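Everything below concerns the one structure shown next.
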Amino acid sequence: MTSLAQLLPIDWILACVALLLAVGGAGVVRPHNLFLVARVLFPLGAALSLLIAMTALTALFSVPQIAILPLGLPGLPFHLRLDPLSAFFLFLFGGTTAGISIFAAGYFRKGEGTPPGLLCLQYHVFVASMALIMLADDAYVFMVMWELMALSSFFLVTANHTIPEIRRAGYLYLLIAHIGALAILLCFGVLQANTGDYTFANMRAQELTPFWASVAFVLALFGFGAKAGIVPLHIWLPEAHPAAPSPVSALMSGVMLKTAIYGLLRIGFEVLQLQLAWWGVLALILGLVTALFGVVFSAIQSDMKRLLAYSSIENIGLLLIGIGLALLFVSYGTSALAALALTAVLYHALNHAFFKSLLFLSTGAVLHATGERNLGKLGGLLRYMPWVGWLALTGALAAAGLPPLNGFVSEWLLLQSFLFTLGLPSTFVNMLLPVVAAGVALVAALGAYVMVKFFGVIFLGQPREPNLAGAHDAARLERGGLVWLAAGCLLLGLFPAQVIALIDPVTRVLVGDGVGPQVAANGWLFLAPVAAERASYSPLLFLLLVAGSFALTFLLVRALYHGRARRAPPWDCGFPLLNARMQDTAEGFGQPIRLVFDPFFRIERHLPSPFDAQPSYRLVVTDHFWQWLYVPIARIAEAASRIVGLLQQGRIATYLLYSFITLLVMLVLVFR
Amino acid sequence: MSLYSVLAQLLALALAVLGAPLLTGWVNQCRAWLQNKSAPPLLLPYRTLHKLFHKESIVAEHASPLFRATPYLVFGAMVLACGIVPSLSTDLLLAPAADAIALVGLFALARVFMSLAAMDIGTAFGTLGARREMLVGFLAEPALLMVLFTASSLTQSTSLASIVQTIAHQEFAILPSLAVAGVAFTMVSLAENARVPIDNPATHLELTMIHEAMILEYSGRHLALIEWAASLKLFAYSCIGVALFVPWGIATVDDPIGILLAAPSLVIKLIIGGAALALIETLSAKMRIFRVPEFLAGAFLLAVIGILVRFLLKA
């Protein structure tokens, strides 16, 4: 009998995943017992996720481990493998999910659509399938888990299935998820190169021609792009993420989108043995379009969860830009730079998982306290919900990419990797890169605009509705989840050198190089990925200096002058009749962006005329892609099915005739 | 960490914190002269600060702690910004803590907190100011970043100290990329420091305000800190401009005599720069707010052209 100490990390993780499934199953035993689900099962799930994260941390530095489970079809067992890439994403998964599950423990209530026990099952199947995707080492397990993830999350999205919009969002989500899955399946088909062996080990051994490798890459980009929300396949994301209950939105945005990034990295860098420069260019351009599109749409949203969903599209765009840059560097043979770009990608994936989950969960807390998702009916909540407010501020600052929080570090790394591109041997690439770098800078700055809008409109100012004064702060478990994620944002921001030490083994797997030793050589306090005189940043020092001068100024002002302050009504240029309606609404705050980026939007505006008895103003902003892409495709699909429908006469005799004709044709073909 | 870098750092910080209001006073004086007005005394900003610190702070009834903390935070951020811009010497103690990108991040941090504080009270003007400030910021920030990138690509380094050291030590030549970047930088500085033609630091006409609208609710020591921080920001931007485009005379590593010469040369450059700023402000008219994005998009595109020139022509 093997003792516990002999168990490999992969065994531990598999055991945890099995237990997660068991936790989910236990929910169904007593589906209406809220106490069991909320106070026992979800915290248990959080603990298991944390255990996975911790085990993954140890696996980052050990050799890849393989497990073969005799599950599935006969002769087709599950191949699983834990290498640094899997381990890093499992760490991301576990760390984020632990916080979300703790929050979810306090979040789900009775009487909202699906009973809690069933939600618990769907939730844990979703979580377990994501963990197994990251462990999969053959196309079979990968696809099964990919489908399981899509289906379980579909049920979670439609938890409040009594509302028609939510059912519609769920349908759209399921549809695009399946189109994407189809592309991934085809990609695996190309990768196995007619050998009939679908293990990743076999795919790695194949030497594809540049043409077939490109086909595989484009299919992977399409398939994973559909899951990640890359423009123009983003269309489901702003519908499905807001429709789901907040912990599920957090899980989808924070973790599920990263499974797509994981897949793209796994196939693009590890399974495929050659990388072409034009893939990088394609990814760069798509990434830039996605990021800009996401952030511009995010700025004009008035529903807080839609705003965050669009902001996720923005971040996926940034990740794709980093991947494109890394592909370019690899194809030009500069693996050290590719490692830098990939470090930025992996770091940003981790950061986004933490801050976006934190923000989605805080919208959940706001939603529970006020019952309102519309930014135009919120406001002033920092006073009534200080815990949620201050923690959401941490998340918003991180998402805005401000130092010394985590979002800044990864944007810094990304910009650094652009700077070192000078001297690539292609004029076109040299022309493209500064433009993309400028685009990244613009997106980052707009990201700050979005986050000021998000936080300012929800938590600052005066309550726009009278009932907001009764809003209560989050309960203890919810608070715990938020604190965990906010602490993650802070620590990931303050200790970049340590985080990069974790990323180093991953980039070594992907491109055979890493920035870890260089960073370690410059000391734990500084982040200097190339050389200290080239670029360095020390968040801890930065924080200490700002906080130090804050404290010094505070004390000096009090010592030299005084600290008296008097409370009085707001001045507002002496205007006495101030009320909450005079603040900017979400639409008002987004209006400059709508004007500046007018061509991005399809705007339907209804303005009141001077003679209207009941003047009304209505503005609907939609996406051009519906009109340009989806409506034509839907029309073509309908037309095609109408033609196919001609075959369907509904009479047995006709169908028998079809069978007969088919048989004849077959016979002719065979005995020709 | 040498004694020299500690001293250089302390000297630069002291010069910035104590001298920044003087620069503001000088610009105001020049502006008054150019506009045929009798000029306010040069030391007026100090007197104003002293007066404001003495006064009681009035805080709106439902202001959150964010509102009260922001002046200190913005002031602290601007002090740090002045500390990492190489104004006197390129050998600064704090230089490794933040590079050019972190400097832009620092300005963004201050801007975001100012906007949030402006939204905190929930007045019409406060939110208006916050929205306009973020509008200016989202175009000015990437433009500034691209200007710094152009300079960085000369040395393949984002460390401000190495950039300035390289530029200061090369032969005098007008590089096309830096020239274009210089124009973009001037435009960005006008916008970021709330100057005409983007904003007017002297205005109190409500509909045209940007910066002033955000700080309407501040009084007493809070206002003093914000005004001081604004002076520091102007000082920091002037020093960035000086360091990137006319760095000659700046002291380098372990050069105690150099730093004594660098101080007067910096003062002379700032006197000229301040007068030029006053001239620009006098010669141009304030723009309508919706022309501002065009102006700043122009600056952004110029900065991108600068870096493209650098990448494509290596010039």
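Identifiers in this document derive from the order of the structure tokens: chains are assigned A, B, ..., residues are numbered from 1 separately in each chain, and ligands are numbered from 1 in order of occurrence.
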Tell me, as a PDB file with N, CA and C atoms, in the first residue's frame, which residues lie within 8 Å of A:Gly113, counting only C-alpha atoms; anything in the same chain fewer than 6 positions away does not count.
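The new file around-v5.pdb reads:
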```
ATOM      1  N   ALA A 159     -29.931  29.699 -14.665  1.00  0.00           N
ATOM      2  CA  ALA A 159     -30.477  29.360 -13.344  1.00  0.00           C
ATOM      3  C   ALA A 159     -31.821  30.049 -13.123  1.00  0.00           C
ATOM      4  N   ASN A 160     -31.935  31.298 -13.550  1.00  0.00           N
ATOM      5  CA  ASN A 160     -33.230  31.986 -13.426  1.00  0.00           C
ATOM      6  C   ASN A 160     -33.992  31.840 -14.738  1.00  0.00           C
ATOM      7  N   HIS A 161     -34.330  30.586 -15.066  1.00  0.00           N
ATOM      8  CA  HIS A 161     -34.816  30.317 -16.419  1.00  0.00           C
ATOM      9  C   HIS A 161     -36.224  30.797 -16.667  1.00  0.00           C
ATOM     10  N   THR A 162     -36.842  31.377 -15.633  1.00  0.00           N
ATOM     11  CA  THR A 162     -38.201  31.868 -15.868  1.00  0.00           C
ATOM     12  C   THR A 162     -38.193  33.158 -16.685  1.00  0.00           C
TER      13      THR A 162
END
```
Neighbour list for stretch 21-25 of chain A as a ChimeraX atom specification, cut-off 9 Å, only C-alpha atoms, skip fewer than 6 positions in-chain | /A:41-42,44-45,117-125,127-128
Please produce a file of the residues just selected, as a PDB file, in the first residue's frame, where the atoms kept are N, CA and C atoms.
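File part_14.pdb, as written:
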```
ATOM      1  N   LEU A  41     -21.359  22.404   1.903  1.00  0.00           N
ATOM      2  CA  LEU A  41     -20.832  21.944   0.620  1.00  0.00           C
ATOM      3  C   LEU A  41     -19.980  22.986  -0.073  1.00  0.00           C
ATOM      4  N   PHE A  42     -20.475  24.226  -0.162  1.00  0.00           N
ATOM      5  CA  PHE A  42     -19.679  25.249  -0.853  1.00  0.00           C
ATOM      6  C   PHE A  42     -18.356  25.537  -0.139  1.00  0.00           C
ATOM      7  N   LEU A  44     -16.683  23.487   1.588  1.00  0.00           N
ATOM      8  CA  LEU A  44     -15.875  22.301   1.316  1.00  0.00           C
ATOM      9  C   LEU A  44     -15.259  22.396  -0.076  1.00  0.00           C
ATOM     10  N   GLY A  45     -16.087  22.836  -1.031  1.00  0.00           N
ATOM     11  CA  GLY A  45     -15.594  23.009  -2.402  1.00  0.00           C
ATOM     12  C   GLY A  45     -14.478  24.032  -2.446  1.00  0.00           C
ATOM     13  N   GLY A 117     -29.602  22.894  -4.198  1.00  0.00           N
ATOM     14  CA  GLY A 117     -28.863  21.641  -4.303  1.00  0.00           C
ATOM     15  C   GLY A 117     -28.464  21.341  -5.731  1.00  0.00           C
ATOM     16  N   LEU A 118     -29.362  21.619  -6.654  1.00  0.00           N
ATOM     17  CA  LEU A 118     -29.087  21.372  -8.059  1.00  0.00           C
ATOM     18  C   LEU A 118     -28.017  22.336  -8.565  1.00  0.00           C
ATOM     19  N   LEU A 119     -28.137  23.595  -8.115  1.00  0.00           N
ATOM     20  CA  LEU A 119     -27.112  24.593  -8.469  1.00  0.00           C
ATOM     21  C   LEU A 119     -25.751  24.123  -7.993  1.00  0.00           C
ATOM     22  N   CYS A 120     -25.743  23.548  -6.796  1.00  0.00           N
ATOM     23  CA  CYS A 120     -24.486  23.067  -6.216  1.00  0.00           C
ATOM     24  C   CYS A 120     -23.879  21.998  -7.109  1.00  0.00           C
ATOM     25  N   LEU A 121     -24.704  21.097  -7.632  1.00  0.00           N
ATOM     26  CA  LEU A 121     -24.205  20.052  -8.530  1.00  0.00           C
ATOM     27  C   LEU A 121     -23.637  20.683  -9.797  1.00  0.00           C
ATOM     28  N   GLN A 122     -24.441  21.567 -10.423  1.00  0.00           N
ATOM     29  CA  GLN A 122     -23.993  22.177 -11.678  1.00  0.00           C
ATOM     30  C   GLN A 122     -22.702  22.959 -11.462  1.00  0.00           C
ATOM     31  N   TYR A 123     -22.658  23.685 -10.352  1.00  0.00           N
ATOM     32  CA  TYR A 123     -21.495  24.502 -10.044  1.00  0.00           C
ATOM     33  C   TYR A 123     -20.242  23.639  -9.910  1.00  0.00           C
ATOM     34  N   HIS A 124     -20.359  22.551  -9.160  1.00  0.00           N
ATOM     35  CA  HIS A 124     -19.162  21.749  -8.929  1.00  0.00           C
ATOM     36  C   HIS A 124     -18.773  20.919 -10.142  1.00  0.00           C
ATOM     37  N   VAL A 125     -19.750  20.528 -10.955  1.00  0.00           N
ATOM     38  CA  VAL A 125     -19.398  19.851 -12.211  1.00  0.00           C
ATOM     39  C   VAL A 125     -18.649  20.830 -13.101  1.00  0.00           C
ATOM     40  N   VAL A 127     -16.866  23.415 -12.164  1.00  0.00           N
ATOM     41  CA  VAL A 127     -15.528  23.629 -11.603  1.00  0.00           C
ATOM     42  C   VAL A 127     -14.617  22.431 -11.911  1.00  0.00           C
ATOM     43  N   ALA A 128     -15.151  21.212 -11.682  1.00  0.00           N
ATOM     44  CA  ALA A 128     -14.330  20.015 -11.887  1.00  0.00           C
ATOM     45  C   ALA A 128     -13.955  19.866 -13.353  1.00  0.00           C
TER      46      ALA A 128
END
```
Give me the residues within 8 Å of B:Ala278 as JSON, numbers by chain, counting only C-alpha atoms and dropping any in the same chain fewer than 3 places off.
-> {"B": [27, 28, 30, 31, 34, 274, 275, 281, 282]}
B:Ser265 environment, 10 Å, only C-alpha atoms, sequence neighbours closer than 4 positions dropped, as a PDB file with C-alpha atoms, in the first residue's frame:
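See result02.pdb below for the written result:
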```
ATOM      1  CA  LEU B  88      19.273  67.770 -11.558  1.00  0.00           C
ATOM      2  CA  PRO B 247      18.945  67.720 -21.135  1.00  0.00           C
ATOM      3  CA  TRP B 248      22.328  69.397 -21.580  1.00  0.00           C
ATOM      4  CA  GLY B 249      23.852  70.469 -18.317  1.00  0.00           C
ATOM      5  CA  ILE B 250      22.336  67.716 -16.190  1.00  0.00           C
ATOM      6  CA  ILE B 259      25.024  69.042  -9.689  1.00  0.00           C
ATOM      7  CA  LEU B 260      26.003  72.531  -8.590  1.00  0.00           C
ATOM      8  CA  LEU B 261      26.061  73.578 -12.228  1.00  0.00           C
ATOM      9  CA  LYS B 269      15.507  76.400 -18.615  1.00  0.00           C
ATOM     10  CA  LEU B 270      12.417  76.540 -16.409  1.00  0.00           C
ATOM     11  CA  ILE B 271      12.325  80.340 -16.618  1.00  0.00           C
TER      12      ILE B 271
END
```
Quick one: residues within 9 Å of B:Thr166, only C-alpha atoms counted, chain neighbours fewer than 5 positions away excluded, as a compact mmCIF listing (two decimals) with N, CA and C atoms, in the first residue's frame?
```txt
# COMPACT_ATOMS: atom_id res chain seq x y z
N LEU B 154 15.30 55.02 -28.16
CA LEU B 154 16.66 55.46 -28.49
C LEU B 154 17.68 54.64 -27.72
N THR B 155 17.30 54.28 -26.50
CA THR B 155 18.25 53.59 -25.63
C THR B 155 17.84 52.17 -25.34
N ALA B 161 16.40 57.61 -16.09
CA ALA B 161 17.78 58.01 -15.90
C ALA B 161 18.63 57.63 -17.10
```
Name the closest residue to B:Ile215 among the candidates A:Leu405, A:Cys573, A:Leu667, A:Val499; distances are taken between atoms, counting only C-alpha atoms.
-> A:Cys573
Interface rows for stretch 209-245 of chain A against stretch 176-179 of chain A: nearest pair, Å to one decimal, 9 Å, only C-alpha atoms, as a tab-separated table:
```
residue	atom	partner	partner_atom	distance
A:Gly223	CA	A:Ile179	CA	7.4
A:Ala226	CA	A:Ile176	CA	6.5
A:Lys227	CA	A:Ala177	CA	6.2
A:Leu233	CA	A:Ile176	CA	7.6
A:Ile235	CA	A:Ile176	CA	8.6
A:Trp236	CA	A:Ile176	CA	7.1
```
Pick out the chain B residues within 7 Å of chain A. Count only C-alpha atoms. Give them as a PyMOL selection string.
-> chain B and resi 53-54+56-61+72-73+76-77+80+96-99+101+105-106+108-109+112+116+119-125+127-128+131+134-135+138-139+141-142+146+153+156-159+162+216-217+304+307-308+311-312
Shell around A:Ser616 at 10 Å using only C-alpha atoms, local window under 5 positions removed, as a PyMOL selection string = chain A and resi 606-609
Per DSSP on the backbone, filter stretch 486-662 of chain A down to the residues in strand (DSSP E) and report them as a VMD selection string.
-> chain A and resid 565 to 568 601 to 606 618 to 623
Selection near A:Leu257, 9 Å with only C-alpha atoms, sequence-local residues under 4 positions removed, as an MDAnalysis selection string = chainID A and resid 224 227:229 251:253 261:262 312 316 353
Expected file: the selected residues, C-alpha atoms, as a compact mmCIF listing (two decimals), in the first residue's frame:
```txt
# COMPACT_ATOMS: atom_id res chain seq x y z
CA PHE A 224 -10.82 28.95 -28.45
CA LYS A 227 -14.93 30.55 -25.89
CA ALA A 228 -12.75 33.53 -25.01
CA GLY A 229 -14.92 36.09 -26.74
CA LEU A 251 -16.26 31.90 -12.50
CA MET A 252 -16.99 32.30 -16.20
CA SER A 253 -15.11 35.55 -16.59
CA ILE A 261 -6.26 31.00 -23.26
CA TYR A 262 -4.81 27.78 -21.85
CA SER A 312 -13.48 40.97 -19.98
CA ILE A 316 -8.94 38.86 -23.57
CA ALA A 353 -8.85 36.11 -12.89
```
